[in-house]
>>> print(open('run_30.pdb').read())   # PDB, C-alpha atoms and all ligand atoms
ATOM      1  CA  MET A   1       9.809  -8.907  18.728
ATOM      2  CA  SER A   2      10.658  -5.217  18.760
ATOM      3  CA  SER A   3      12.635  -5.665  15.539
ATOM      4  CA  ARG A   4       9.383  -6.317  13.659
ATOM      5  CA  VAL A   5       7.018  -3.717  12.275
ATOM      6  CA  SER A   6       3.489  -4.629  13.275
ATOM      7  CA  THR A   7       1.123  -4.233  10.319
ATOM      8  CA  GLY A   8      -2.026  -3.196  12.158
ATOM      9  CA  VAL A   9      -3.845  -6.272  10.834
ATOM     10  CA  LYS A  10      -3.585  -8.978  13.474
ATOM     11  CA  GLY A  11      -3.919 -11.956  11.135
ATOM     12  CA  ILE A  12      -1.246 -10.605   8.791
ATOM     13  CA  ASP A  13       1.162 -10.240  11.719
ATOM     14  CA  GLU A  14       0.369 -13.843  12.508
ATOM     15  CA  MET A  15       1.088 -14.891   8.911
ATOM     16  CA  LEU A  16       4.389 -12.977   9.099
ATOM     17  CA  LYS A  17       5.201 -14.393  12.538
ATOM     18  CA  GLY A  18       5.482 -10.912  13.982
ATOM     19  CA  GLY A  19       5.323  -8.257  11.254
ATOM     20  CA  PHE A  20       7.497  -6.717   8.528
ATOM     21  CA  LEU A  21      11.257  -6.380   8.860
ATOM     22  CA  PRO A  22      12.190  -2.728   9.378
ATOM     23  CA  ASN A  23      13.122  -0.311   6.562
ATOM     24  CA  ARG A  24      11.577  -2.365   3.805
ATOM     25  CA  ALA A  25       9.421  -1.411   0.830
ATOM     26  CA  ILE A  26       6.392  -3.684   0.805
ATOM     27  CA  LEU A  27       3.896  -3.883  -2.029
ATOM     28  CA  LEU A  28       0.201  -4.462  -1.370
ATOM     29  CA  ARG A  29      -1.512  -5.451  -4.610
ATOM     30  CA  GLY A  30      -5.220  -5.998  -5.070
ATOM     31  CA  GLY A  31      -8.225  -5.439  -7.297
ATOM     32  CA  PRO A  32     -10.835  -2.721  -6.737
ATOM     33  CA  GLY A  33     -12.392  -2.650  -3.284
ATOM     34  CA  THR A  34     -10.207  -5.403  -1.857
ATOM     35  CA  GLY A  35      -9.194  -3.204   1.105
ATOM     36  CA  LYS A  36      -5.847  -1.700   0.087
ATOM     37  CA  THR A  37      -6.706   1.716   1.489
ATOM     38  CA  ILE A  38      -8.193   0.265   4.672
ATOM     39  CA  PHE A  39      -5.066  -1.872   5.216
ATOM     40  CA  SER A  40      -2.886   1.201   4.645
ATOM     41  CA  LEU A  41      -4.841   3.199   7.212
ATOM     42  CA  GLN A  42      -4.694   0.393   9.775
ATOM     43  CA  TYR A  43      -0.924   0.214   9.167
ATOM     44  CA  LEU A  44      -0.415   3.916   9.893
ATOM     45  CA  ILE A  45      -2.765   3.922  12.875
ATOM     46  CA  GLU A  46      -0.888   0.978  14.373
ATOM     47  CA  GLY A  47       2.295   3.077  14.228
ATOM     48  CA  ALA A  48       0.562   6.179  15.601
ATOM     49  CA  LYS A  49      -0.704   4.183  18.598
ATOM     50  CA  LYS A  50       2.962   3.586  19.473
ATOM     51  CA  GLY A  51       3.871   7.231  18.899
ATOM     52  CA  GLU A  52       5.368   6.613  15.443
ATOM     53  CA  MET A  53       4.772   9.283  12.826
ATOM     54  CA  GLY A  54       3.081   8.102   9.631
ATOM     55  CA  LEU A  55       2.640   9.726   6.250
ATOM     56  CA  TYR A  56      -0.107   8.756   3.808
ATOM     57  CA  VAL A  57       0.419   9.906   0.237
ATOM     58  CA  THR A  58      -2.676   9.460  -1.881
ATOM     59  CA  LEU A  59      -2.018   9.557  -5.604
ATOM     60  CA  GLU A  60      -5.583   8.916  -6.700
ATOM     61  CA  GLU A  61      -8.359   8.867  -4.125
ATOM     62  CA  PRO A  62      -9.366  12.308  -2.815
ATOM     63  CA  VAL A  63      -8.250  12.990   0.767
ATOM     64  CA  ASP A  64     -11.871  13.500   1.938
ATOM     65  CA  SER A  65     -12.851  10.094   0.641
ATOM     66  CA  VAL A  66      -9.953   8.472   2.528
ATOM     67  CA  ARG A  67     -11.062  10.269   5.711
ATOM     68  CA  LYS A  68     -14.639   9.051   5.182
ATOM     69  CA  THR A  69     -13.440   5.448   4.879
ATOM     70  CA  ALA A  70     -11.601   5.845   8.188
ATOM     71  CA  THR A  71     -14.658   7.336   9.881
ATOM     72  CA  SER A  72     -16.935   4.549   8.638
ATOM     73  CA  LEU A  73     -14.601   2.013  10.256
ATOM     74  CA  ASN A  74     -14.173   3.974  13.495
ATOM     75  CA  LEU A  75     -10.459   4.306  12.808
ATOM     76  CA  ASP A  76      -8.906   7.164  14.787
ATOM     77  CA  LEU A  77      -7.457   8.899  11.755
ATOM     78  CA  GLU A  78      -8.849  12.327  12.649
ATOM     79  CA  LYS A  79      -7.463  12.117  16.178
ATOM     80  CA  TYR A  80      -3.977  11.186  14.976
ATOM     81  CA  GLU A  81      -4.066  13.846  12.276
ATOM     82  CA  LYS A  82      -4.850  16.430  14.948
ATOM     83  CA  GLU A  83      -2.035  15.084  17.101
ATOM     84  CA  LYS A  84       0.220  15.375  14.033
ATOM     85  CA  LEU A  85       1.097  11.697  14.255
ATOM     86  CA  ILE A  86      -0.429  11.007  10.853
ATOM     87  CA  GLY A  87      -0.113  13.349   7.907
ATOM     88  CA  ILE A  88      -2.154  12.961   4.739
ATOM     89  CA  PHE A  89      -0.642  14.363   1.602
ATOM     90  CA  ASP A  90      -2.538  14.703  -1.651
ATOM     91  CA  GLY A  91       0.050  13.658  -4.213
ATOM     92  CA  SER A  92      -2.367  13.454  -7.130
ATOM     93  CA  ARG A  93      -0.844  16.626  -8.555
ATOM     94  CA  MET A  94       2.504  14.847  -8.803
ATOM     95  CA  VAL A  95       0.901  12.467 -11.267
ATOM     96  CA  TYR A  96      -1.155  15.190 -12.869
ATOM     97  CA  LYS A  97       1.881  17.370 -13.368
ATOM     98  CA  PHE A  98       3.482  14.588 -15.305
ATOM     99  CA  GLY A  99       0.560  14.657 -17.722
ATOM    100  CA  GLU A 100       1.228  18.340 -18.288
ATOM    101  CA  GLU A 101       4.960  17.828 -18.569
ATOM    102  CA  ARG A 102       4.498  15.142 -21.185
ATOM    103  CA  ARG A 103       3.368  17.847 -23.531
ATOM    104  CA  GLY A 104       6.251  20.092 -22.577
ATOM    105  CA  ILE A 105      10.000  20.021 -22.374
ATOM    106  CA  ASP A 106      10.094  17.404 -19.632
ATOM    107  CA  ALA A 107       8.323  14.867 -21.796
ATOM    108  CA  GLN A 108      10.934  12.179 -21.248
ATOM    109  CA  ARG A 109      11.166  12.477 -17.485
ATOM    110  CA  PRO A 110       9.369   9.715 -15.674
ATOM    111  CA  VAL A 111       6.913  10.695 -12.990
ATOM    112  CA  ILE A 112       8.290   8.713 -10.058
ATOM    113  CA  SER A 113      11.778  10.124 -10.437
ATOM    114  CA  ASN A 114      10.237  13.567 -10.350
ATOM    115  CA  THR A 115       8.538  12.827  -7.082
ATOM    116  CA  ILE A 116      11.202  10.947  -5.108
ATOM    117  CA  ASP A 117      12.872  14.186  -4.036
ATOM    118  CA  GLN A 118       9.508  15.553  -2.918
ATOM    119  CA  LEU A 119       8.764  12.368  -1.013
ATOM    120  CA  GLN A 120      12.171  12.551   0.651
ATOM    121  CA  ILE A 121      11.462  16.112   1.798
ATOM    122  CA  LEU A 122       8.028  15.113   3.110
ATOM    123  CA  VAL A 123       9.406  12.108   4.988
ATOM    124  CA  THR A 124      12.332  14.009   6.469
ATOM    125  CA  SER A 125      10.360  17.090   7.464
ATOM    126  CA  SER A 126       7.569  15.072   9.059
ATOM    127  CA  GLY A 127       9.916  12.565  10.703
ATOM    128  CA  ALA A 128       7.757   9.772   9.311
ATOM    129  CA  ASN A 129       8.653   6.286  10.341
ATOM    130  CA  ARG A 130       5.893   4.725   8.246
ATOM    131  CA  LEU A 131       5.091   5.787   4.687
ATOM    132  CA  VAL A 132       2.144   4.746   2.536
ATOM    133  CA  ILE A 133       1.870   5.465  -1.192
ATOM    134  CA  ASP A 134      -1.665   4.601  -2.355
ATOM    135  CA  SER A 135      -1.476   3.688  -5.208
ATOM    136  CA  ILE A 136       1.452   3.770  -7.636
ATOM    137  CA  THR A 137      -0.530   2.418 -10.572
ATOM    138  CA  SER A 138      -1.413   5.740 -12.154
ATOM    139  CA  ALA A 139       2.140   6.946 -11.624
ATOM    140  CA  ILE A 140       3.670   4.147 -13.670
ATOM    141  CA  ILE A 141       0.905   3.516 -16.167
ATOM    142  CA  HIS A 142       2.333   6.206 -18.444
ATOM    143  CA  GLN A 143       5.325   4.017 -19.175
ATOM    144  CA  ARG A 144       4.699   2.318 -22.473
ATOM    145  CA  PHE A 145       7.715   0.030 -22.385
ATOM    146  CA  PRO A 146       8.323  -2.584 -19.666
ATOM    147  CA  THR A 147      11.993  -1.561 -19.393
ATOM    148  CA  ASP A 148      11.013   2.059 -18.644
ATOM    149  CA  LYS A 149       8.474   0.889 -16.089
ATOM    150  CA  ARG A 150      11.094  -1.320 -14.465
ATOM    151  CA  LEU A 151      13.643   1.510 -14.233
ATOM    152  CA  GLU A 152      10.990   3.796 -12.831
ATOM    153  CA  VAL A 153       9.906   1.374 -10.107
ATOM    154  CA  LEU A 154      13.540   0.484  -9.375
ATOM    155  CA  GLU A 155      14.302   4.153  -8.823
ATOM    156  CA  LEU A 156      11.344   4.460  -6.484
ATOM    157  CA  MET A 157      12.395   1.409  -4.452
ATOM    158  CA  LYS A 158      15.975   2.701  -4.207
ATOM    159  CA  GLY A 159      14.716   6.115  -3.125
ATOM    160  CA  LEU A 160      12.436   4.578  -0.492
ATOM    161  CA  ARG A 161      15.222   2.439   0.975
ATOM    162  CA  LYS A 162      17.397   5.550   1.391
ATOM    163  CA  MET A 163      14.594   7.251   3.336
ATOM    164  CA  ASN A 164      15.022   4.850   6.209
ATOM    165  CA  CYS A 165      11.358   4.258   6.835
ATOM    166  CA  ASN A 166       8.880   1.424   6.618
ATOM    167  CA  SER A 167       7.092   1.812   3.297
ATOM    168  CA  LEU A 168       3.858   0.277   2.109
ATOM    169  CA  ILE A 169       3.003   0.846  -1.541
ATOM    170  CA  THR A 170      -0.284  -0.217  -3.042
ATOM    171  CA  SER A 171      -0.879  -1.226  -6.634
ATOM    172  CA  GLU A 172      -4.106  -1.878  -8.410
ATOM    173  CA  SER A 173      -4.285  -5.064 -10.350
ATOM    174  CA  ALA A 174      -6.442  -8.090  -9.846
ATOM    175  CA  SER A 175      -4.253 -10.495 -11.794
ATOM    176  CA  PRO A 176      -1.723 -10.088 -14.570
ATOM    177  CA  ALA A 177      -2.696 -10.729 -18.159
ATOM    178  CA  GLU A 178      -0.830 -13.588 -19.793
ATOM    179  CA  ASP A 179       1.790 -11.473 -21.465
ATOM    180  CA  GLU A 180       2.124  -9.044 -18.575
ATOM    181  CA  PHE A 181       4.147  -9.168 -15.416
ATOM    182  CA  PHE A 182       4.270  -6.820 -12.488
ATOM    183  CA  VAL A 183       7.764  -5.401 -12.199
ATOM    184  CA  GLU A 184       6.856  -3.860  -8.870
ATOM    185  CA  GLU A 185       6.499  -7.364  -7.432
ATOM    186  CA  TYR A 186      10.037  -8.317  -8.385
ATOM    187  CA  LEU A 187      11.515  -5.109  -7.055
ATOM    188  CA  ALA A 188       9.660  -4.814  -3.738
ATOM    189  CA  ASP A 189      11.066  -6.451  -0.601
ATOM    190  CA  GLY A 190       7.736  -8.103   0.068
ATOM    191  CA  VAL A 191       4.424  -8.616  -1.727
ATOM    192  CA  ILE A 192       0.979  -9.141  -0.227
ATOM    193  CA  ILE A 193      -1.895  -9.886  -2.588
ATOM    194  CA  LEU A 194      -5.544  -9.238  -1.784
ATOM    195  CA  SER A 195      -8.090 -10.832  -4.080
ATOM    196  CA  ASN A 196     -11.770 -11.460  -4.630
ATOM    197  CA  SER A 197     -12.601 -14.796  -6.180
ATOM    198  CA  HIS A 198     -16.026 -15.724  -7.537
ATOM    199  CA  ARG A 199     -17.313 -19.260  -7.373
ATOM    200  CA  ASN A 200     -20.851 -20.620  -7.418
ATOM    201  CA  PHE A 201     -22.223 -17.072  -7.184
ATOM    202  CA  ALA A 202     -20.278 -16.470  -3.972
ATOM    203  CA  VAL A 203     -17.330 -14.172  -3.464
ATOM    204  CA  THR A 204     -14.409 -15.144  -1.281
ATOM    205  CA  LYS A 205     -11.763 -12.687  -0.223
ATOM    206  CA  THR A 206      -8.291 -14.131   0.153
ATOM    207  CA  VAL A 207      -4.946 -12.707   1.182
ATOM    208  CA  TRP A 208      -1.658 -14.267   0.167
ATOM    209  CA  ILE A 209       1.901 -13.339   1.099
ATOM    210  CA  GLU A 210       3.586 -13.908  -2.224
ATOM    211  CA  LYS A 211       7.047 -13.064  -0.928
ATOM    212  CA  MET A 212       8.752 -11.446   2.035
ATOM    213  CA  ARG A 213      12.535 -11.227   1.691
ATOM    214  CA  GLY A 214      14.427 -12.394   4.765
ATOM    215  CA  LEU A 215      11.406 -13.898   6.526
ATOM    216  CA  LYS A 216       9.863 -17.289   6.907
ATOM    217  CA  HIS A 217       6.131 -16.676   6.560
ATOM    218  CA  ASP A 218       2.853 -18.412   5.934
ATOM    219  CA  ASP A 219       2.848 -19.171   2.205
ATOM    220  CA  GLN A 220      -0.804 -20.242   1.971
ATOM    221  CA  PRO A 221      -3.728 -18.001   0.996
ATOM    222  CA  ARG A 222      -6.060 -17.154   3.895
ATOM    223  CA  LYS A 223      -9.605 -15.859   3.978
ATOM    224  CA  TYR A 224     -10.292 -12.341   5.145
ATOM    225  CA  GLU A 225     -13.262 -10.038   5.647
ATOM    226  CA  ILE A 226     -13.725  -6.315   5.832
ATOM    227  CA  SER A 227     -15.773  -5.773   8.956
ATOM    228  CA  ASP A 228     -17.045  -2.656  10.707
ATOM    229  CA  SER A 229     -13.755  -2.524  12.543
ATOM    230  CA  GLY A 230     -11.452  -3.185   9.605
ATOM    231  CA  ILE A 231      -9.718  -6.154   8.017
ATOM    232  CA  ILE A 232      -9.993  -9.515   9.766
ATOM    233  CA  VAL A 233      -7.780 -12.343   8.492
ATOM    234  CA  TYR A 234      -8.510 -15.959   9.370
ATOM    235  CA  ALA A 235      -4.836 -16.829   9.597
ATOM    236  CA  SER A 236      -5.139 -20.291  11.057
ATOM    237  CA  GLU A 237      -7.960 -21.602   8.869
ATOM    238  CA  PRO A 238      -7.310 -23.330   5.547
ATOM    239  CA  VAL A 239      -9.074 -21.853   2.535
ATOM    240  CA  THR A 240     -11.761 -24.206   1.373
ATOM    241  CA  ALA A 241     -13.981 -23.996  -1.698
TER     242      ALA A 241
HETATM  243  N1  LIG A 301     -17.488   0.540   7.232
HETATM  244  C1  LIG A 301     -17.287  -0.539   6.479
HETATM  245  N2  LIG A 301     -17.710  -1.727   6.923
HETATM  246  C2  LIG A 301     -17.519  -2.833   6.200
HETATM  247  N3  LIG A 301     -16.933  -2.838   4.976
HETATM  248  C3  LIG A 301     -16.506  -1.675   4.496
HETATM  249  C4  LIG A 301     -16.662  -0.469   5.227
HETATM  250  N4  LIG A 301     -16.123   0.534   4.508
HETATM  251  C5  LIG A 301     -15.663  -0.042   3.377
HETATM  252  N5  LIG A 301     -15.910  -1.357   3.367
HETATM  253  C6  LIG A 301     -15.550  -2.318   2.307
HETATM  254  O1  LIG A 301     -14.237  -2.013   1.874
HETATM  255  C7  LIG A 301     -14.207  -1.775   0.474
HETATM  256  C8  LIG A 301     -13.297  -0.647   0.120
HETATM  257  O2  LIG A 301     -12.068  -0.797   0.763
HETATM  258  P1  LIG A 301     -10.838   0.057   0.250
HETATM  259  O3  LIG A 301     -11.233   1.444  -0.089
HETATM  260  O4  LIG A 301      -9.738  -0.122   1.224
HETATM  261  O5  LIG A 301     -10.513  -0.754  -1.076
HETATM  262  P2  LIG A 301      -9.354  -0.466  -2.127
HETATM  263  O6  LIG A 301      -8.732  -1.775  -2.436
HETATM  264  O7  LIG A 301      -8.489   0.618  -1.637
HETATM  265  O8  LIG A 301     -10.216   0.006  -3.372
HETATM  266  P3  LIG A 301      -9.768   0.923  -4.636
HETATM  267  O9  LIG A 301      -9.078   0.012  -5.589
HETATM  268  O10 LIG A 301     -11.049   1.439  -5.147
HETATM  269  O11 LIG A 301      -8.869   1.997  -4.101
HETATM  270  C9  LIG A 301     -15.615  -1.397   0.122
HETATM  271  O12 LIG A 301     -15.864  -1.733  -1.225
HETATM  272  C10 LIG A 301     -16.446  -2.209   1.088
HETATM  273  O13 LIG A 301     -16.613  -3.506   0.577
HETATM  274 MG    MG A 302      -7.943   2.478  -2.374
END
>>> encode(input="run_30.pdb", output="structure tokens")
Amino acid sequence: MSSRVSTGVKGIDEMLKGGFLPNRAILLRGGPGTGKTIFSLQYLIEGAKKGEMGLYVTLEEPVDSVRKTATSLNLDLEKYEKEKLIGIFDGSRMVYKFGEERRGIDAQRPVISNTIDQLQILVTSSGANRLVIDSITSAIIHQRFPTDKRLEVLELMKGLRKMNCNSLITSESASPAEDEFFVEEYLADGVIILSNSHRNFAVTKTVWIEKMRGLKHDDQPRKYEISDSGIIVYASEPVTA
């Protein structure tokens, strides 16, 4: 199955019957603390183990905090950073800059379009085969109108596909409000949803592959846990109440 991109989370590979298809832009959506950053790190480390270069662009969480998460889970992030197999790039200024530009002459320019060229340079110069953008929410939240948000995300997806790498983009929503829809889910090649559900004073974490273009995959939600060694998905067990 060399044509598949292993995700670094064993149970997800099982649900995908091997992994992602290459050169796709996959969206990982989930509420706070559902494990988006941990998944992203496992994804890059999986590549690094095989000698593939990975680039992690954080748009919100400080780089030190991401490193601490990796350390607490005994993930070899530091080792692969030293070996230059994983690069961490603080992209929060890209978003920040937009805030400044809104007050200036570039007020109408959307933030993602401003950053695609920079991302392209980063990916090309690092030779990254795997790219993580964690998360795009603050980068698209500025768009007041759904059409603008859609064009923005569309431009990002197009840009990512041209980069010829395996992209994982996180977004931060637990569930859409009634009158809201997530354009990023329509435009991504695949969508994985992580969620926390509360019932009878107990919390259950479930993962669901909402879509994965071109692949037959498990379409049922599965339970998962965040353990000391990362995300564990119970891929062959049905979710029960
Ligand atoms: N060493 C660890 N052992 C077990 N669980 C951990 C460990 N470190 C973190 N966690 C769990 O993982 C959660 C955070 O995971 P992560 O940072 O990936 O979430 P996230 O979805 O990226 O959150 P956010 O929306 O805040 O960015 C913590 O809230 C905690 O429940
Ligand atoms: Mg996070």
>>> atom_distance(input="run_30.pdb", atom1="atom O7 of ligand LIG 301 (chain A)", atom2="atom CA of A:Val66")
9.0 Å
>>> axis_aligned_box(input="run_30.pdb", around="stretch 25-32 of chain A", padding_each_side="8 Å", output="lines of an AutoDock Vina configuration file")
center_x = -0.7
center_y = -3.7
center_z = -3.2
size_x = 36.3
size_y = 20.6
size_z = 24.1
>>> resolve_selection(input="run_30.pdb", expression="the PyMOL selection byres (((not hetatm)) within 10 of (chain A and resi 302))", output="PyMOL selection string")
chain A and resi 30-40+58-62+65-66+69+134-135+170-172
>>> resolve_selection(input="run_30.pdb", expression="the PyMOL selection byres (((chain A and resi 140-156) around 7) and not hetatm)", output="list of chain:residue names")
A:Pro110, A:Ile112, A:Ser113, A:Ile116, A:Ile136, A:Thr137, A:Ser138, A:Ala139, A:Met157, A:Lys158, A:Gly159, A:Leu160, A:Val183, A:Glu184, A:Leu187
>>> write_last_selection(input="run_30.pdb", atoms="C-alpha atoms", output="PDB file, keeping the file's coordinate frame")
ATOM      1  CA  PRO A 110       9.369   9.715 -15.674  1.00  0.00           C
ATOM      2  CA  ILE A 112       8.290   8.713 -10.058  1.00  0.00           C
ATOM      3  CA  SER A 113      11.778  10.124 -10.437  1.00  0.00           C
ATOM      4  CA  ILE A 116      11.202  10.947  -5.108  1.00  0.00           C
ATOM      5  CA  ILE A 136       1.452   3.770  -7.636  1.00  0.00           C
ATOM      6  CA  THR A 137      -0.530   2.418 -10.572  1.00  0.00           C
ATOM      7  CA  SER A 138      -1.413   5.740 -12.154  1.00  0.00           C
ATOM      8  CA  ALA A 139       2.140   6.946 -11.624  1.00  0.00           C
ATOM      9  CA  MET A 157      12.395   1.409  -4.452  1.00  0.00           C
ATOM     10  CA  LYS A 158      15.975   2.701  -4.207  1.00  0.00           C
ATOM     11  CA  GLY A 159      14.716   6.115  -3.125  1.00  0.00           C
ATOM     12  CA  LEU A 160      12.436   4.578  -0.492  1.00  0.00           C
ATOM     13  CA  VAL A 183       7.764  -5.401 -12.199  1.00  0.00           C
ATOM     14  CA  GLU A 184       6.856  -3.860  -8.870  1.00  0.00           C
ATOM     15  CA  LEU A 187      11.515  -5.109  -7.055  1.00  0.00           C
TER      16      LEU A 187
END
>>> resolve_selection(input="run_30.pdb", expression="the PyMOL selection byres (((chain A and resi 16) around 8) and not hetatm)", output="list in words")
Ile12, Asp13, Glu14, Met15, Lys17, Gly18, Gly19, Phe20, Leu215, Lys216, His217 and Asp218 of chain A
>>> closest_residue(input="run_30.pdb", among="A:Ala48, A:Pro22, A:Gln42, A:Phe89", to="A:Lys10", atoms="only C-alpha atoms")
A:Gln42
>>> closest_residue(input="run_30.pdb", among="A:Ile231, A:Ile26, A:Met94, A:Val57", to="A:Val9", atoms="only C-alpha atoms")
A:Ile231
>>> closest_residue(input="run_30.pdb", among="A:Met53, A:Ala188, A:Leu119, A:Ile232", to="ligand LIG 301 (chain A)", atoms="only C-alpha atoms and all ligand atoms")
A:Ile232
>>> closest_residue(input="run_30.pdb", among="A:Thr71, A:Thr240, A:Asn164, A:Gln118", to="ligand LIG 301 (chain A)", atoms="all atoms listed in the file")
A:Thr71
>>> closest_residue(input="run_30.pdb", among="A:Arg161, A:Ser6, A:Arg29, A:Ile169", to="A:Ser195", atoms="only C-alpha atoms")
A:Arg29
>>> closest_residue(input="run_30.pdb", among="A:Ala235, A:Ala202, A:Ile121, A:Cys165", to="A:Leu21", atoms="all atoms listed in the file")
A:Cys165
>>> atom_distance(input="run_30.pdb", atom1="atom CA of A:Lys84", atom2="atom CA of A:Val233")
29.4 Å
>>> atom_distance(input="run_30.pdb", atom1="atom CA of A:Thr206", atom2="atom CA of A:Tyr224")
5.7 Å
>>> residues_around(input="run_30.pdb", residues="A:Leu44", least_positions_apart="4", cutoff="12 Å", atoms="all atoms listed in the file", output="ChimeraX atom specification")
/A:5-9,37-40,48-57,70,75-77,80-81,85-88,128-133,166-168
>>> residues_near_point(input="run_30.pdb", point="(-15.3, -18.8, -3.4)", cutoff="12 Å", atoms="all atoms listed in the file", output="list in words")
Ser195, Asn196, Ser197, His198, Arg199, Asn200, Phe201, Ala202, Val203, Thr204, Lys205, Thr206, Arg222, Lys223, Tyr224, Val239, Thr240 and Ala241 of chain A
>>> decode(input="run_30.pdb", residues="stretch 4-74 of chain A", atoms="C-alpha atoms", output="CSV table (one decimal), in the first residue's frame")
chain,number,residue,atom,x,y,z
A,4,ARG,CA,-1.3,5.5,0.7
A,5,VAL,CA,-0.2,8.1,3.2
A,6,SER,CA,-0.2,6.6,6.6
A,7,THR,CA,-1.7,9.0,9.2
A,8,GLY,CA,0.3,8.1,12.2
A,9,VAL,CA,-2.9,7.1,14.1
A,10,LYS,CA,-3.2,3.3,13.6
A,11,GLY,CA,-7.0,3.1,14.0
A,12,ILE,CA,-7.5,5.9,11.5
A,13,ASP,CA,-5.4,4.0,9.0
A,14,GLU,CA,-7.6,1.1,9.7
A,15,MET,CA,-10.8,3.1,9.1
A,16,LEU,CA,-9.2,4.4,5.8
A,17,LYS,CA,-8.1,0.9,4.8
A,18,GLY,CA,-4.5,2.1,4.5
A,19,GLY,CA,-4.3,5.9,4.9
A,20,PHE,CA,-4.9,9.0,2.8
A,21,LEU,CA,-4.5,9.2,-0.9
A,22,PRO,CA,-1.4,11.2,-1.8
A,23,ASN,CA,-1.5,15.0,-2.6
A,24,ARG,CA,-4.8,15.7,-0.9
A,25,ALA,CA,-5.9,18.4,1.4
A,26,ILE,CA,-7.6,16.8,4.4
A,27,LEU,CA,-9.6,18.7,7.0
A,28,LEU,CA,-9.5,17.7,10.6
A,29,ARG,CA,-12.3,19.4,12.5
A,30,GLY,CA,-13.0,19.2,16.2
A,31,GLY,CA,-13.9,21.1,19.3
A,32,PRO,CA,-11.5,22.4,21.9
A,33,GLY,CA,-9.1,19.7,23.3
A,34,THR,CA,-10.3,17.0,21.0
A,35,GLY,CA,-6.8,16.2,19.9
A,36,LYS,CA,-6.3,18.1,16.6
A,37,THR,CA,-2.8,19.2,17.5
A,38,ILE,CA,-1.8,15.8,18.8
A,39,PHE,CA,-3.1,14.1,15.6
A,40,SER,CA,-1.2,16.7,13.5
A,41,LEU,CA,2.0,15.9,15.4
A,42,GLN,CA,1.5,12.2,15.1
A,43,TYR,CA,0.9,12.7,11.3
A,44,LEU,CA,4.2,14.6,10.8
A,45,ILE,CA,6.2,12.2,13.0
A,46,GLU,CA,4.9,9.2,11.0
A,47,GLY,CA,6.3,10.9,7.9
A,48,ALA,CA,9.6,11.8,9.6
A,49,LYS,CA,10.1,8.1,10.7
A,50,LYS,CA,10.1,7.2,7.0
A,51,GLY,CA,12.5,10.1,6.2
A,52,GLU,CA,9.7,12.4,4.8
A,53,MET,CA,10.1,16.1,5.6
A,54,GLY,CA,7.1,17.6,7.4
A,55,LEU,CA,6.2,21.2,8.0
A,56,TYR,CA,3.9,22.3,10.9
A,57,VAL,CA,2.4,25.8,10.6
A,58,THR,CA,0.8,27.0,13.7
A,59,LEU,CA,-1.6,29.9,13.3
A,60,GLU,CA,-2.7,30.2,16.9
A,61,GLU,CA,-1.0,28.0,19.5
A,62,PRO,CA,2.5,29.2,20.5
A,63,VAL,CA,5.3,27.0,19.2
A,64,ASP,CA,6.5,26.3,22.8
A,65,SER,CA,3.1,25.0,23.8
A,66,VAL,CA,3.1,22.7,20.8
A,67,ARG,CA,6.5,21.4,21.8
A,68,LYS,CA,5.3,20.8,25.3
A,69,THR,CA,2.4,18.8,24.1
A,70,ALA,CA,4.8,16.6,22.1
A,71,THR,CA,7.1,16.1,25.1
A,72,SER,CA,4.2,15.2,27.4
A,73,LEU,CA,3.3,12.4,25.0
A,74,ASN,CA,6.9,11.2,24.4
